[in-house]
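Beneath this line is the structure, given in C-alpha cells, with notes to follow.
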Amino acid sequence: MSLTRRLALAVPLLWSCFGCGPASEGDGSGGTTSSSTSSGPAESSGSGLSCEDYVSAGSVGPEVTVTVRHTGTTPVYFKPHGCGGALTFEITAMATDEIVPYTLGECTPVLCDDFLTLDDCSQGCNDCAPPESGRFEAGGMADGTWSGAWLVPLTMTDACGSGAGCASECQRRDAAPPGRYQIALTTYQLCAGSCECDPPMPEGGVCNLYGGTQLGYPQTFAAEIDYPAQTVAEIMITD
C-alpha cells in the first residue's frame with residue numbers, strides 16, 4: 001500500500017535539480033536515535049554507565065525476511081545500502097512511532113563491544129564503490145532482511161574504553177522488543193543519469209546503478225508485522 005509519510009520521509013523533488021549532488025543518506029545507522037521514554041532500547045550519552053552497560057545483547061533476532069514485489073507497469077528506483085547494494089528498509093516501532101536504527105554501515109569498529117577491548121579504535125572502511133541507486137523493473141522481485149536489531153548510540157568513557165580514540169561514540173546492538181513494526185521501502189518514479197541496468201538483466205529484474213543518478217517523485221510502500229511471532233513480510237509496489 002502507498003503511504004503518506006511524515007516529513008522525515010519526504011524527499012525533495014530532485015527532477016529540477018540535476019546539477020545538485022545526491023542527498024545525504026546519513027551516518028548509516030538506519031534512522032534516527034530512540035528516545036529514553038520509549039518502550040524500546042534507550043539512548044544514553046554514556047554518563048553514569050558501567051562498562052557492562054556497553055555490552056550488546058547476547059542474541060538478536062529472529063531475522064525478518066522481507067519480499068518486495070513490483071506489480072506496477074513501469075520501472076521504479078530505490079536507494080540501496082552498502083557495497084553490495086542491499087535493499088534498506090525503514091523500520092518503525094508502531095507503539096511509539098520510533099524509527100529503529102539497525103544498519104552499521106561499511107566502517108569498523110562501530111560496536112561498543114569492540115571499543116571495550118581494542119588498543120586502537122581508529123576506523124577503517126571497506127574499499128568499494130557502492131551503487132548510487134537501484135532499479136526495479138515492472139514485475140521484479142527481491143528479498144531483504146531486518147536482523148531484529150535495535151542499535152543504541154552511546155559515548156564510551158575513558159574508564160571503559162582506554163584504547164586510542166576509544167572514548168567516542170559507538171553503537172550497542174540490542175534486541176528489538178516484541179510488538180508491531182512497520183517495514184517500509186521508499187521508491188522513486190523518476191530517474192536522471194545512468195538509469196539503465198547493464199545487460200544481462202539480473203534474475204528477478206532488480207539491478208544496482210552506478211555512474212551518477214538523480215531520483216525524484218518518492219512513494220513509500222509498507223507492510224506490518226507482529227514481531228517476533230511474524231518473521232516474514234511482503235511489500236507490494238504499485239503504480
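Ordering of the C-alpha cells sets the chain letters (A, B, ...); residue numbers start at 1 within each chain; ligands are numbered from 1 in the order shown.
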Practice task
For A:Pro131, work out the shell of residues within 12 Å, counting only C-alpha atoms and skipping chain neighbours fewer than 6 positions away, then give it as number ranges by chain.
Solution key: A: 78-87, 194-195, 197, 207-213
Can you tell me, as a PDB file with N, CA, C and O atoms, in the first residue's frame, which residues in stretch 113-163 of chain A count as strand (DSSP E) by DSSP?
```pdb
ATOM      1  N   GLY A 124      38.407   1.833  10.027  1.00  0.00           N
ATOM      2  CA  GLY A 124      38.750   1.509   8.660  1.00  0.00           C
ATOM      3  C   GLY A 124      37.480   1.185   7.900  1.00  0.00           C
ATOM      4  O   GLY A 124      36.534   0.633   8.470  1.00  0.00           O
ATOM      5  N   CYS A 125      37.435   1.537   6.611  1.00  0.00           N
ATOM      6  CA  CYS A 125      36.217   1.349   5.827  1.00  0.00           C
ATOM      7  C   CYS A 125      36.489   0.448   4.635  1.00  0.00           C
ATOM      8  O   CYS A 125      37.614   0.388   4.127  1.00  0.00           O
ATOM      9  N   SER A 133      22.172   4.071  -6.812  1.00  0.00           N
ATOM     10  CA  SER A 133      20.742   3.825  -6.884  1.00  0.00           C
ATOM     11  C   SER A 133      20.521   2.387  -7.320  1.00  0.00           C
ATOM     12  O   SER A 133      21.464   1.674  -7.677  1.00  0.00           O
ATOM     13  N   GLY A 134      19.271   1.959  -7.260  1.00  0.00           N
ATOM     14  CA  GLY A 134      18.878   0.653  -7.771  1.00  0.00           C
ATOM     15  C   GLY A 134      17.626   0.797  -8.613  1.00  0.00           C
ATOM     16  O   GLY A 134      16.888   1.779  -8.493  1.00  0.00           O
ATOM     17  N   ARG A 135      17.404  -0.184  -9.473  1.00  0.00           N
ATOM     18  CA  ARG A 135      16.252  -0.139 -10.379  1.00  0.00           C
ATOM     19  C   ARG A 135      15.438  -1.420 -10.224  1.00  0.00           C
ATOM     20  O   ARG A 135      15.984  -2.524 -10.221  1.00  0.00           O
ATOM     21  N   PHE A 136      14.129  -1.250 -10.084  1.00  0.00           N
ATOM     22  CA  PHE A 136      13.171  -2.343 -10.013  1.00  0.00           C
ATOM     23  C   PHE A 136      12.377  -2.342 -11.311  1.00  0.00           C
ATOM     24  O   PHE A 136      11.595  -1.435 -11.571  1.00  0.00           O
ATOM     25  N   MET A 141      11.190  -8.751  -8.467  1.00  0.00           N
ATOM     26  CA  MET A 141      11.042  -9.220  -7.093  1.00  0.00           C
ATOM     27  C   MET A 141      12.423  -9.343  -6.466  1.00  0.00           C
ATOM     28  O   MET A 141      13.382  -9.765  -7.120  1.00  0.00           O
ATOM     29  N   ALA A 142      12.532  -8.967  -5.205  1.00  0.00           N
ATOM     30  CA  ALA A 142      13.793  -9.085  -4.478  1.00  0.00           C
ATOM     31  C   ALA A 142      13.499  -9.263  -2.994  1.00  0.00           C
ATOM     32  O   ALA A 142      12.425  -8.888  -2.502  1.00  0.00           O
ATOM     33  N   ASP A 143      14.473  -9.843  -2.283  1.00  0.00           N
ATOM     34  CA  ASP A 143      14.345 -10.058  -0.846  1.00  0.00           C
ATOM     35  C   ASP A 143      15.346  -9.193  -0.085  1.00  0.00           C
ATOM     36  O   ASP A 143      16.451  -8.934  -0.559  1.00  0.00           O
ATOM     37  N   GLY A 144      14.945  -8.764   1.086  1.00  0.00           N
ATOM     38  CA  GLY A 144      15.825  -8.074   2.015  1.00  0.00           C
ATOM     39  C   GLY A 144      15.562  -8.601   3.412  1.00  0.00           C
ATOM     40  O   GLY A 144      14.676  -9.447   3.610  1.00  0.00           O
ATOM     41  N   THR A 145      16.304  -8.105   4.381  1.00  0.00           N
ATOM     42  CA  THR A 145      16.148  -8.609   5.744  1.00  0.00           C
ATOM     43  C   THR A 145      16.230  -7.489   6.766  1.00  0.00           C
ATOM     44  O   THR A 145      16.817  -6.438   6.511  1.00  0.00           O
ATOM     45  N   TRP A 146      15.625  -7.735   7.895  1.00  0.00           N
ATOM     46  CA  TRP A 146      15.858  -6.969   9.121  1.00  0.00           C
ATOM     47  C   TRP A 146      16.305  -7.973  10.169  1.00  0.00           C
ATOM     48  O   TRP A 146      15.648  -8.979  10.413  1.00  0.00           O
ATOM     49  N   ALA A 149      17.626  -6.294  15.123  1.00  0.00           N
ATOM     50  CA  ALA A 149      18.469  -5.469  15.997  1.00  0.00           C
ATOM     51  C   ALA A 149      17.880  -4.072  16.165  1.00  0.00           C
ATOM     52  O   ALA A 149      17.181  -3.563  15.286  1.00  0.00           O
ATOM     53  N   TRP A 150      18.203  -3.466  17.285  1.00  0.00           N
ATOM     54  CA  TRP A 150      17.883  -2.058  17.562  1.00  0.00           C
ATOM     55  C   TRP A 150      19.169  -1.442  18.104  1.00  0.00           C
ATOM     56  O   TRP A 150      19.596  -1.732  19.222  1.00  0.00           O
ATOM     57  N   LEU A 151      19.823  -0.607  17.320  1.00  0.00           N
ATOM     58  CA  LEU A 151      21.098  -0.013  17.712  1.00  0.00           C
ATOM     59  C   LEU A 151      20.875   1.176  18.638  1.00  0.00           C
ATOM     60  O   LEU A 151      20.009   2.020  18.393  1.00  0.00           O
ATOM     61  N   VAL A 152      21.677   1.237  19.689  1.00  0.00           N
ATOM     62  CA  VAL A 152      21.592   2.320  20.665  1.00  0.00           C
ATOM     63  C   VAL A 152      22.917   3.088  20.648  1.00  0.00           C
ATOM     64  O   VAL A 152      23.966   2.513  20.942  1.00  0.00           O
ATOM     65  N   PRO A 153      22.906   4.386  20.290  1.00  0.00           N
ATOM     66  CA  PRO A 153      24.146   5.161  20.281  1.00  0.00           C
ATOM     67  C   PRO A 153      24.570   5.543  21.696  1.00  0.00           C
ATOM     68  O   PRO A 153      23.774   6.060  22.473  1.00  0.00           O
ATOM     69  N   LEU A 154      25.819   5.273  22.018  1.00  0.00           N
ATOM     70  CA  LEU A 154      26.384   5.592  23.318  1.00  0.00           C
ATOM     71  C   LEU A 154      27.730   6.278  23.126  1.00  0.00           C
ATOM     72  O   LEU A 154      28.334   6.179  22.063  1.00  0.00           O
ATOM     73  N   THR A 155      28.200   6.949  24.153  1.00  0.00           N
ATOM     74  CA  THR A 155      29.534   7.526  24.147  1.00  0.00           C
ATOM     75  C   THR A 155      30.392   6.784  25.152  1.00  0.00           C
ATOM     76  O   THR A 155      30.110   6.802  26.354  1.00  0.00           O
TER      77      THR A 155
END
```
Among the residues of stretch 111-223 of chain A, find those DSSP assigns to helix (DSSP H, G or I) from the backbone and print them as a PDB file with all heavy atoms, in the first residue's frame.
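In the end it all went to part_36.pdb:
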```
ATOM      1  N   CYS A 112      30.149  -0.949  20.447  1.00  0.00           N
ATOM      2  CA  CYS A 112      30.777  -0.645  21.734  1.00  0.00           C
ATOM      3  C   CYS A 112      31.545  -1.843  22.279  1.00  0.00           C
ATOM      4  O   CYS A 112      32.554  -1.672  22.969  1.00  0.00           O
ATOM      5  CB  CYS A 112      29.715  -0.215  22.736  1.00  0.00           C
ATOM      6  SG  CYS A 112      28.815   1.290  22.295  1.00  0.00           S
ATOM      7  N   ASP A 113      31.084  -3.052  21.964  1.00  0.00           N
ATOM      8  CA  ASP A 113      31.770  -4.255  22.431  1.00  0.00           C
ATOM      9  C   ASP A 113      33.245  -4.237  22.017  1.00  0.00           C
ATOM     10  O   ASP A 113      34.121  -4.640  22.785  1.00  0.00           O
ATOM     11  CB  ASP A 113      31.097  -5.506  21.853  1.00  0.00           C
ATOM     12  CG  ASP A 113      29.607  -5.526  22.117  1.00  0.00           C
ATOM     13  OD1 ASP A 113      28.888  -4.745  21.457  1.00  0.00           O
ATOM     14  OD2 ASP A 113      29.155  -6.298  22.969  1.00  0.00           O
ATOM     15  N   ASP A 114      33.512  -3.786  20.792  1.00  0.00           N
ATOM     16  CA  ASP A 114      34.895  -3.720  20.308  1.00  0.00           C
ATOM     17  C   ASP A 114      35.677  -2.616  21.013  1.00  0.00           C
ATOM     18  O   ASP A 114      36.859  -2.772  21.323  1.00  0.00           O
ATOM     19  CB  ASP A 114      34.910  -3.493  18.795  1.00  0.00           C
ATOM     20  CG  ASP A 114      34.284  -4.648  18.034  1.00  0.00           C
ATOM     21  OD1 ASP A 114      34.443  -5.802  18.475  1.00  0.00           O
ATOM     22  OD2 ASP A 114      33.625  -4.394  17.002  1.00  0.00           O
ATOM     23  N   PHE A 115      34.998  -1.493  21.254  1.00  0.00           N
ATOM     24  CA  PHE A 115      35.674  -0.368  21.905  1.00  0.00           C
ATOM     25  C   PHE A 115      36.152  -0.734  23.314  1.00  0.00           C
ATOM     26  O   PHE A 115      37.087  -0.132  23.829  1.00  0.00           O
ATOM     27  CB  PHE A 115      34.728   0.834  21.985  1.00  0.00           C
ATOM     28  CG  PHE A 115      34.553   1.575  20.687  1.00  0.00           C
ATOM     29  CD1 PHE A 115      34.330   0.898  19.496  1.00  0.00           C
ATOM     30  CD2 PHE A 115      34.606   2.960  20.650  1.00  0.00           C
ATOM     31  CE1 PHE A 115      34.163   1.576  18.303  1.00  0.00           C
ATOM     32  CE2 PHE A 115      34.438   3.650  19.461  1.00  0.00           C
ATOM     33  CZ  PHE A 115      34.216   2.950  18.282  1.00  0.00           C
TER      34      PHE A 115
END
```
Handout entry: Two-atom distance - atom CA of A:Gln182, atom CA of A:Gly148 (Å)
Key =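 Between atom CA of A:Gln182 and atom CA of A:Gly148 the gap works out to 12.5 Å.
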Problem - Point-to-point distance from atom CA of A:Thr92 to atom CA of A:Glu224, Å rounded to tenths - result: 9.4 Å
If you count only C-alpha atoms, which residues fall within 8 Å of A:Asp119, apart from same-chain ones fewer than 2 positions away, as a compact mmCIF listing (two decimals) with N, CA and C atoms, in the first residue's frame?
```txt
# COMPACT_ATOMS: atom_id res chain seq x y z
N THR A 117 37.61 -3.46 24.20
CA THR A 117 38.78 -4.34 24.22
C THR A 117 39.93 -3.90 23.33
N CYS A 121 41.01 2.37 18.37
CA CYS A 121 39.66 2.35 17.80
C CYS A 121 39.56 3.16 16.51
N SER A 162 39.86 2.35 27.06
CA SER A 162 41.11 3.07 27.31
C SER A 162 42.02 3.12 26.08
N GLY A 163 41.65 2.43 25.00
CA GLY A 163 42.47 2.44 23.80
C GLY A 163 42.46 3.79 23.11
N ALA A 164 43.38 3.97 22.18
CA ALA A 164 43.48 5.24 21.45
C ALA A 164 42.20 5.51 20.67
```
Handout entry: Residue nearest A:Pro75 - candidates A:Asp174, A:Asp158, A:Glu137, A:Glu234, atoms counted: only C-alpha atoms
Key =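 Comparing A:Asp174, A:Asp158, A:Glu137, A:Glu234 against A:Pro75, the winner is A:Glu137.
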Exercise for the section: Measure the distance from atom CA of A:Pro101 to atom CA of A:Pro228 in Å and round it to one decimal. Expected result: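 Straight-line distance from atom CA of A:Pro101 to atom CA of A:Pro228 works out to 17.3 Å.
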Practice task
Tell me which of A:Thr238, A:Thr186, A:Ser147, A:Thr157 sits closest to A:Val100, counting only C-alpha atoms.
Solution key: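 Smallest distance to A:Val100 is found for A:Ser147.
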Find the spatial neighbours of A:Thr187, counting only C-alpha atoms, within a cut-off of 7 Å - ignore same-chain residues fewer than 5 positions away - and output them as a CSV table (one decimal) with C-alpha atoms, in the first residue's frame.
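part33.csv, freshly written:
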```csv
chain,number,residue,atom,x,y,z
A,76,VAL,CA,10.9,2.4,-10.2
A,77,TYR,CA,14.1,3.2,-8.4
A,78,PHE,CA,15.4,3.0,-4.8
A,218,PRO,CA,9.1,9.4,-4.0
A,219,GLN,CA,6.5,6.9,-3.0
A,220,THR,CA,6.6,4.7,0.2
```
Problem - Residue nearest A:Gly204 - candidates A:Gly216, A:Gly140, A:Pro130, A:Gly161, atoms counted: only C-alpha atoms - result: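 Under the stated criterion, the closest residue is A:Gly140.
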Practice task
Counting only C-alpha atoms, figure out which residue out of A:Thr103, A:Thr67, A:Gln189, A:Ser56 gets nearest to A:Ala222.
Solution key: A:Thr67
